[in-house]
file entry04.cif (mmCIF, C-alpha atoms)
data_run
#
loop_
_atom_site.label_atom_id
_atom_site.label_comp_id
_atom_site.auth_asym_id
_atom_site.auth_seq_id
_atom_site.Cartn_x
_atom_site.Cartn_y
_atom_site.Cartn_z
CA ASP A 137 97.75 79.04 89.83
CA ASP A 138 97.30 76.36 92.52
CA GLY A 139 93.88 74.84 91.93
CA ALA A 140 93.84 73.16 95.34
CA SER A 141 93.83 76.60 96.99
CA TRP A 142 90.48 77.56 95.43
CA SER A 143 86.99 76.47 96.42
CA LEU A 144 86.17 75.01 92.98
CA GLY A 145 89.39 73.04 92.96
CA VAL A 146 90.59 74.79 89.79
CA PRO A 147 92.55 78.01 89.18
CA PRO A 148 90.70 81.24 88.25
CA GLY A 149 89.41 81.67 84.69
CA SER A 150 87.74 84.21 82.43
CA ALA A 151 84.19 83.00 83.20
CA GLN A 152 84.66 83.16 86.96
CA SER A 153 83.84 85.79 89.56
CA ILE A 154 86.65 85.60 92.10
CA MET A 155 85.88 86.17 95.78
CA PHE A 156 88.96 86.80 97.89
CA THR A 157 86.93 87.24 101.03
CA ASN A 158 87.62 84.50 103.56
CA ALA A 159 89.09 85.00 107.03
CA PHE A 160 92.70 85.13 108.21
CA TRP A 161 95.52 87.32 106.89
CA LYS A 162 96.80 86.22 103.50
CA ALA A 163 98.08 87.30 100.09
CA VAL A 164 97.31 85.87 96.68
CA VAL A 165 100.35 86.32 94.45
CA ILE A 166 100.62 86.74 90.68
CA ASP A 167 104.25 86.68 89.54
CA SER A 168 106.47 85.58 86.67
CA SER A 169 105.85 81.91 87.43
CA THR A 170 102.10 82.49 87.09
CA VAL A 171 102.67 84.08 83.68
CA SER A 172 104.78 81.15 82.46
CA SER A 173 102.87 78.23 83.98
CA ALA A 174 99.24 79.42 84.09
CA PRO A 175 98.65 82.45 81.81
CA GLN A 176 94.95 81.55 81.54
CA THR A 177 94.48 82.59 85.18
CA LEU A 178 95.26 86.23 84.27
CA ALA A 179 91.75 86.83 82.89
CA VAL A 180 88.69 86.83 85.18
CA ASN A 181 85.15 88.17 85.07
CA SER A 182 85.28 90.08 88.37
CA LEU A 183 87.34 90.28 91.54
CA THR A 184 86.22 91.17 95.07
CA ILE A 185 88.72 91.60 97.90
CA THR A 186 87.44 92.12 101.43
CA SER A 187 88.52 91.50 105.01
CA LEU A 188 85.02 91.78 106.44
CA SER A 189 84.11 89.10 108.93
CA PRO A 190 80.85 87.40 107.90
CA THR A 191 79.98 86.67 111.53
CA ASN A 192 80.26 90.07 113.22
CA GLY A 193 80.36 92.46 110.26
CA VAL A 194 83.68 94.11 111.13
CA TYR A 195 87.03 94.15 109.36
CA THR A 196 89.18 91.76 111.38
CA THR A 197 91.97 90.71 108.98
CA ARG A 198 93.70 91.98 105.86
CA ASN A 199 93.59 90.30 102.47
CA THR A 200 96.07 91.35 99.80
CA LEU A 201 96.40 90.77 96.07
CA LEU A 202 100.09 91.04 95.20
CA LEU A 203 101.13 91.47 91.57
CA ASN A 204 104.85 90.91 91.97
CA TYR A 205 107.06 91.43 88.90
CA ALA A 206 104.70 89.67 86.50
CA GLY A 207 105.58 92.28 83.86
CA ALA A 208 103.39 95.08 82.54
CA GLY A 209 103.08 93.20 79.26
CA HIS A 210 101.26 90.35 81.02
CA PRO A 211 98.42 92.18 82.78
CA LEU A 212 95.68 90.84 84.98
CA VAL A 213 92.55 91.46 82.88
CA ILE A 214 89.19 91.90 84.61
CA GLY A 215 86.18 91.73 82.27
CA VAL A 216 86.11 91.24 78.51
CA ASP A 217 85.11 94.65 77.11
CA ALA A 218 82.52 97.42 77.56
CA ASN A 219 79.79 95.01 76.41
CA ASN A 220 80.95 92.45 78.96
CA PRO A 221 82.41 94.75 81.63
CA GLY A 222 84.44 93.68 84.61
CA SER A 223 84.40 94.74 88.25
CA LEU A 224 87.21 95.16 90.76
CA LEU A 225 86.06 95.88 94.32
CA ILE A 226 88.60 96.53 97.09
CA ASP A 227 86.99 96.91 100.50
CA PRO A 228 88.43 98.74 103.54
CA ASP A 229 91.40 97.01 105.18
CA SER A 230 92.14 95.19 101.91
CA THR A 231 95.01 95.90 99.53
CA VAL A 232 96.15 95.55 95.94
CA ALA A 233 99.92 96.00 95.59
CA MET A 234 101.55 96.15 92.15
CA PHE A 235 105.28 95.95 91.46
CA SER A 236 106.40 95.91 87.82
CA SER A 237 103.09 94.43 86.72
CA GLY A 238 100.01 95.35 84.69
CA MET A 239 96.26 95.49 85.22
CA ILE A 240 93.33 96.16 82.87
CA VAL A 241 89.81 96.72 84.20
CA ASN A 242 87.38 96.67 81.29
CA ASN A 243 84.73 99.03 82.61
CA ALA A 244 83.10 102.18 81.19
CA LEU A 245 80.81 105.08 82.00
CA GLY A 246 77.41 105.03 80.37
CA THR A 247 74.63 107.59 80.12
CA ASN A 248 74.65 110.11 83.01
CA ASN A 249 77.82 108.49 84.32
CA SER A 250 76.11 105.16 84.91
CA HIS A 251 78.58 102.40 85.69
CA LEU A 252 79.26 99.55 83.30
CA GLY A 253 81.36 97.42 85.59
CA GLU A 254 83.27 98.82 88.56
CA PHE A 255 86.70 99.85 89.76
CA GLN A 256 86.02 100.70 93.38
CA ILE A 257 88.84 101.31 95.88
CA ASP A 258 87.63 101.64 99.47
CA GLY A 259 90.85 100.15 100.82
CA ASN A 260 94.43 100.53 99.63
CA PHE A 261 95.98 100.44 96.15
CA ILE A 262 99.75 100.57 95.63
CA GLN A 263 101.19 101.05 92.14
CA SER A 264 104.99 100.97 91.94
CA ASP A 265 108.06 99.85 89.97
CA ASN A 266 106.82 100.94 86.53
CA SER A 267 103.48 99.16 86.74
CA GLU A 268 100.64 100.05 84.35
CA VAL A 269 96.92 100.34 85.13
CA VAL A 270 94.27 100.75 82.43
CA ALA A 271 90.53 101.29 83.05
CA GLY A 272 87.57 103.31 81.85
CA PHE A 273 86.92 104.85 85.27
CA LEU A 274 87.89 104.64 88.92
CA ASN A 275 85.96 105.50 92.08
CA LEU A 276 88.38 106.19 94.94
CA THR A 277 87.20 106.52 98.53
CA GLY A 278 90.23 104.81 100.08
CA THR A 279 93.94 105.49 99.43
CA TYR A 280 95.88 105.24 96.17
CA ASN A 281 99.69 105.41 96.37
CA PHE A 282 101.20 105.91 92.92
CA THR A 283 105.00 105.78 92.93
CA ASN A 284 105.84 105.43 89.24
CA GLY A 285 104.65 103.88 85.99
CA GLU A 286 101.60 104.76 83.90
CA LEU A 287 97.99 105.29 84.92
CA PHE A 288 95.60 105.22 81.97
CA VAL A 289 92.21 105.56 83.68
CA GLY A 290 89.84 107.80 81.71
CA THR A 291 87.77 109.27 84.57
CA GLN A 292 88.84 109.22 88.21
CA PHE A 293 86.35 110.20 90.91
CA ILE A 294 88.58 111.33 93.79
CA ASN A 295 86.69 111.07 97.07
CA GLY A 296 89.55 109.57 99.08
CA LYS A 297 93.30 110.29 99.14
CA PHE A 298 95.54 109.99 96.08
CA ASN A 299 99.30 110.32 96.62
CA GLN A 300 101.39 110.64 93.44
CA GLN A 301 105.15 110.40 93.92
CA GLY A 302 106.11 109.77 90.30
CA GLY A 303 104.86 108.34 87.03
CA THR A 304 102.26 109.79 84.67
CA ASN A 305 98.53 110.06 85.30
CA THR A 306 96.63 110.87 82.10
CA GLY A 307 93.13 110.68 83.59
CA ARG A 308 90.39 113.23 84.18
CA LEU A 309 90.26 113.93 87.93
CA ILE A 310 86.83 114.81 89.30
CA PHE A 311 86.27 115.95 92.89
CA THR A 312 82.52 115.74 93.53
CA GLU A 313 82.17 115.40 97.32
CA SER A 314 85.52 115.46 99.07
CA GLY A 315 88.91 113.98 98.45
CA GLU A 316 92.54 114.98 98.33
CA TYR A 317 95.11 114.67 95.55
CA ASN A 318 98.75 115.18 96.53
CA LEU A 319 101.19 115.65 93.66
CA PHE A 320 104.69 115.24 95.06
CA ASP A 321 106.40 114.20 91.81
CA GLY A 322 105.55 112.90 88.37
CA VAL A 323 103.10 114.25 85.79
CA VAL A 324 99.36 114.93 85.82
CA ALA A 325 98.35 115.26 82.18
CA GLY A 326 94.57 114.90 82.02
CA GLY A 327 92.08 117.28 83.61
CA VAL A 328 91.24 118.50 87.10
CA GLU A 329 87.63 119.39 87.93
CA LEU A 330 86.61 120.82 91.30
CA ASN A 331 82.81 120.72 91.36
CA GLY A 332 81.20 122.65 94.19
CA PRO A 333 82.42 124.41 97.36
CA PHE A 334 83.13 121.15 99.22
CA ALA A 335 84.68 119.26 96.33
CA GLY A 336 88.06 118.56 97.91
CA VAL A 337 91.57 119.79 97.26
CA PHE A 338 94.40 119.37 94.74
CA LYS A 339 97.81 119.96 96.33
CA GLN A 340 101.05 120.27 94.36
CA SER A 341 104.42 120.39 96.08
CA GLY A 342 106.42 119.02 93.14
CA GLY A 343 106.04 117.31 89.81
CA THR A 344 104.35 118.73 86.72
CA ASN A 345 100.70 119.54 86.19
CA ILE A 346 99.88 120.08 82.51
CA SER A 347 96.18 119.25 82.84
CA THR A 348 93.24 121.44 82.04
CA VAL A 349 91.49 122.84 85.12
CA GLY A 350 87.74 123.32 85.57
CA LEU A 351 85.93 124.89 88.52
#

call {"tool": "encode", "arguments": {"input": "entry04.cif", "output": "structure tokens"}}
result
Amino acid sequence: DDGASWSLGVPPGSAQSIMFTNAFWKAVVIDSSTVSSAPQTLAVNSLTITSLSPTNGVYTTRNTLLLNYAGAGHPLVIGVDANNPGSLLIDPDSTVAMFSSGMIVNNALGTNNSHLGEFQIDGNFIQSDNSEVVAGFLNLTGTYNFTNGELFVGTQFINGKFNQQGGTNTGRLIFTESGEYNLFDGVVAGGVELNGPFAGVFKQSGGTNISTVGL
């Protein structure tokens, strides 16, 4: 909510594509003070988080978006709707960490699973302290650590590592290439689809799996 910290000299807004991509280790924080003083900054068109150095093409730092006790009822909203979809891109060595907060990514799957918007996690995503995430679909090639709360993501393409230690995941889990889902605690209540001989693995050591299963 500090306009001086942004390249345009104004805080983020619904018509803006936010690039959190510059060098040096840092975190951008959304918390209760953001909700009270600058609620208009909680809606953006798209968000890209990367730690890739533009000069040598390697990941040299770590950029983090921290949603810190903003409240699940005051979510960060990315995109307007399926007709004006949003995109959230998290590159390797970058992180989104949520604690008692909310996020909505307005994306959707079109014909033949074409993407209307994006929710791409190549880095790290942490969802904890009764946070809520809502999206049409998710493509995971990095790591998702889900401690508790609610995950309302319609279709989840699991090609990375998903660790669930609590909470409820109501999505449809699809393993198309590789990937690993570890259910330690909590509830999986959508569907699990293992497509092909090298589709990955679903491991359950605790929790409750009440999903439908397809092979």

call {"tool": "closest_residue", "arguments": {"input": "entry04.cif", "among": "A:Asp265, A:Ser168, A:Thr247, A:Gly272", "to": "Gly215 of chain A", "atoms": "all atoms listed in the file"}}
result
A:Gly272

call {"tool": "resolve_selection", "arguments": {"input": "entry04.cif", "expression": "the PyMOL selection byres ((chain A and resi 287-296) around 9)", "output": "JSON, numbers by chain"}}
result
{"A": [244, 245, 257, 258, 263, 267, 268, 269, 270, 271, 272, 273, 274, 275, 276, 277, 278, 279, 280, 282, 284, 285, 286, 297, 298, 303, 304, 305, 306, 307, 308, 309, 310, 311, 312, 313, 314, 315, 316, 317, 326, 335, 336]}

call {"tool": "resolve_selection", "arguments": {"input": "entry04.cif", "expression": "the PyMOL selection byres ((chain A and resi 162) around 10)", "output": "list in words"}}
result
Phe156, Asn158, Ala159, Phe160, Trp161, Ala163, Val164, Val165, Ser187, Thr197, Arg198, Asn199, Thr200 and Leu201 of chain A

call {"tool": "atom_distance", "arguments": {"input": "entry04.cif", "atom1": "atom CA of Ile346 of chain A", "atom2": "atom CA of Val241 of chain A"}}
result
25.5 Å

call {"tool": "atom_distance", "arguments": {"input": "entry04.cif", "atom1": "atom CA of Gly327 of chain A", "atom2": "atom CA of Gln256 of chain A"}}
result
20.2 Å

call {"tool": "closest_residue", "arguments": {"input": "entry04.cif", "among": "A:Gly139, A:Gly259, A:Pro211, A:Pro147", "to": "Pro228 of chain A", "atoms": "all atoms listed in the file"}}
result
A:Gly259

call {"tool": "residues_around", "arguments": {"input": "entry04.cif", "residues": "Ala151 of chain A", "least_positions_apart": "6", "cutoff": "10 Å", "atoms": "all atoms listed in the file", "output": "PDB file with C-alpha atoms, keeping the file's coordinate frame"}}
result
ATOM      1  CA  ALA A 179      91.750  86.830  82.890  1.00  0.00           C
ATOM      2  CA  VAL A 180      88.690  86.830  85.180  1.00  0.00           C
ATOM      3  CA  ASN A 181      85.150  88.170  85.070  1.00  0.00           C
ATOM      4  CA  SER A 182      85.280  90.080  88.370  1.00  0.00           C
ATOM      5  CA  GLY A 215      86.180  91.730  82.270  1.00  0.00           C
ATOM      6  CA  VAL A 216      86.110  91.240  78.510  1.00  0.00           C
TER       7      VAL A 216
END

call {"tool": "atom_distance", "arguments": {"input": "entry04.cif", "atom1": "atom CA of Leu183 of chain A", "atom2": "atom CA of Gln152 of chain A"}}
result
8.9 Å

call {"tool": "resolve_selection", "arguments": {"input": "entry04.cif", "expression": "the PyMOL selection byres ((chain A and resi 237) around 10)", "output": "PyMOL selection string"}}
result
chain A and resi 166-168+202-212+233-236+238-239+263-269+285

call {"tool": "closest_residue", "arguments": {"input": "entry04.cif", "among": "A:Ser250, A:Val213, A:Thr283, A:Lys339", "to": "Gly322 of chain A", "atoms": "all atoms listed in the file"}}
result
A:Thr283

call {"tool": "closest_residue", "arguments": {"input": "entry04.cif", "among": "A:Asn219, A:Asn281, A:Ser150, A:Gln176", "to": "Asn260 of chain A", "atoms": "all atoms listed in the file"}}
result
A:Asn281

call {"tool": "axis_aligned_box", "arguments": {"input": "entry04.cif", "around": "segment 344-350 of chain A", "padding_each_side": "4 Å", "output": "AutoDock Vina command-line options"}}
result
--center_x 96.0 --center_y 121.0 --center_z 84.4 --size_x 24.6 --size_y 12.6 --size_z 12.7

call {"tool": "closest_residue", "arguments": {"input": "entry04.cif", "among": "A:Ser341, A:Ser153, A:Ser173, A:Thr186", "to": "Ile214 of chain A", "atoms": "all atoms listed in the file"}}
result
A:Ser153
